[in-house]
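Undergrad: I have a structure I would like to understand better, so I am pasting it below and will then ask my questions one at a time.
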Amino acid sequence: MKAIKLAAPGDIDQLQFVEIDKPKPSSGEVLIKTKAISINPVDIKTRIGKGMYSRISTNDPIIIGWDMSGIIDEIGDGVTSYKVGDEVFGMVHFPGYGKAYAHYVAAPVEHITRKPSTISHEEAAAATLAALTAWQVLATHANVQPNQKVLIHAAAGGVGHYAVQIAKYLGAYVIGTSSATKKEFVLGLGADLHIDYTTQKFEHIVTDADLVFDTIGGEIFTRSLNAVKKNGLVVSIPTGMSGDIEAAAKAKGVRAKAMLVQSSATDMAIIADLLKSGKIKSHIAHIYPFAKMRAAHAELEKGRTTGKIVVAV
């Protein structure tokens with residue numbers, strides 16, 4: 001089968017097409033014929049030698065990618081919940097070795113769920129790592145309740161555009177940041193208030209949020225401590241916790257934590273239900289063919305994507 005290996009950490013030229021054996025599903029796994037792949041900032045970070053690279057660097061070949069949607073081609077021992085021909089999607093083996101940049105992917109059943117017939121494989125693949133991250137931050141870690149105030153950074157981005165929709169589904173008052181050019185998109189997702197980060201300081205406008213969802217990291221994590229009320233929570237996904245941030249949060253009487261999404265069939269099933277009901281929708285900015293994976297990486301690396309970038313297989 002065709003796959004894309006990472007020859008060495010570096011630029012997009014390190015993504016190289018190879019022919020390898022089709023994997024066999026182990027006990028508790030299914031083999032999925034890939035129809036669509038979603039790429040994320042962690043794919044870029046891993047490609048250049050950061051992100052998940054240290055976790056997968058001893059494999060040969062190194063095949064990155066975690067988000068996929070496809071059709072079950074083979075059933076492993078002990079699997080009774082799926083059959084050949086079922087359409088499924090999920091985030092496979094994250095954080096770990098997902099090997100999604102391939103025509104076939106072996107996936108544990110506890111990492112996937114059925115794809116709603118009402119959405120495409122591209123829409124399903126988009127709503128894996130990004131939508132799971134939003135759900136796990138908002139519903140699991142923050143336990144967002146109706147009428148709470150939630151500030152979401154980069155609200156037009158991959159994680160951000162799902163986070164706005166999920167926060168509204170949970171009943172929150174939602175504030176989203178983006179550039180002015182994306183204001184109508186963010187409001188169209190359901191946000192109650194938009195902040196143009198290029199001309200406004202969000203911490204001057206919002207000082208009493210129950211939750212700030214930081215999808216950007218760096219100084220935004222630190223500045224966000226000023227946007228939550230006493231005992232409020234700031235969750236960052238790109239920036240890990242440090243002693244300085246922990247001390248600053250304690251001094252302000254607020255909480256801060258870093259969060260890394262985890263593969264979960266249970267949470268994927270919730271995402272599937274939200275997609276099926278139309279309560280959340282995937283916004284896909286670009287769809288590239290598998291042969292143009294390098295171009296997809298280059299586009300995402302620009303950092304201006306509205307919604308998601310997907311690769312069709």
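The chains in the structure tokens are called A, B, ... from first to last as shown; in each chain the residues are counted from 1, and the ligands are counted from 1 in the order shown.
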With 9 Å as the cut-off and only C-alpha atoms counted, what is the closest atom pair between each nearby residue of stretch 110-161 of chain A and stretch 274-290 of chain A? Distances in Å to one decimal, ordered by chain and number, as a Markdown table.
TA:
| residue | atom | partner | partner_atom | distance |
| --- | --- | --- | --- | --- |
| A:Lys115 | CA | A:Lys276 | CA | 8.8 |
| A:Pro116 | CA | A:Lys276 | CA | 5.7 |
| A:Ser117 | CA | A:Lys276 | CA | 7.9 |
| A:Thr118 | CA | A:Lys276 | CA | 6.3 |
| A:Ile119 | CA | A:Lys276 | CA | 7.4 |
| A:Glu122 | CA | A:Ile287 | CA | 8.0 |
| A:Glu123 | CA | A:Ser282 | CA | 5.5 |
| A:Ala124 | CA | A:Ser282 | CA | 7.7 |
| A:Ala126 | CA | A:Ser282 | CA | 6.4 |
| A:Ala127 | CA | A:Ser282 | CA | 6.4 |
| A:Ala131 | CA | A:Ser282 | CA | 8.9 |
| A:Gly158 | CA | A:His283 | CA | 8.4 |
| A:His161 | CA | A:His283 | CA | 7.9 |
Undergrad: Quick one: pick out all helix (DSSP H, G or I) residues within stretch 247-283 of chain A from a backbone DSSP run and write them as a count of residues only.
TA: 19
Undergrad: For A:Met1, list every protein, DNA or RNA residue within 7 Å, evaluated using only C-alpha atoms, and leave out those in the same chain fewer than 4 positions away; present the list as a list of chain:residue names.
TA: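 With the cut-off at 7 Å, the set is A:Glu19, A:Ile20, A:Asp21, A:Lys22, A:His103.
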Undergrad: Would you mind telling me which residue in A:Ser242, A:Ser27, A:Thr177, A:Gln262 lies nearest to A:Thr80 when using only C-alpha atoms?
TA: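 Among the listed residues, the smallest separation from A:Thr80 belongs to A:Ser27.
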Undergrad: Write out as a ChimeraX atom specification which residues come within 8 Å of A:Ala134 when counting only C-alpha atoms, dropping same-chain ones fewer than 5 positions away.
TA: /A:159-160,162-163,166
Undergrad: Would you save the residues from that selection as a compact mmCIF listing (two decimals), in the first residue's frame, using C-alpha atoms?
TA:
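Wrote it out as part-v1.txt, contents follow:
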# COMPACT_ATOMS: atom_id res chain seq x y z
CA VAL A 159 -9.95 23.55 17.42
CA GLY A 160 -11.47 26.98 17.95
CA TYR A 162 -15.49 23.42 17.14
CA ALA A 163 -14.97 24.91 20.60
CA ILE A 166 -19.58 22.98 21.59
Undergrad: Which residue, A:Arg55, A:Lys83, A:Lys182, A:His141, has the smallest gap to A:Arg255 when you use only C-alpha atoms?
TA: A:His141
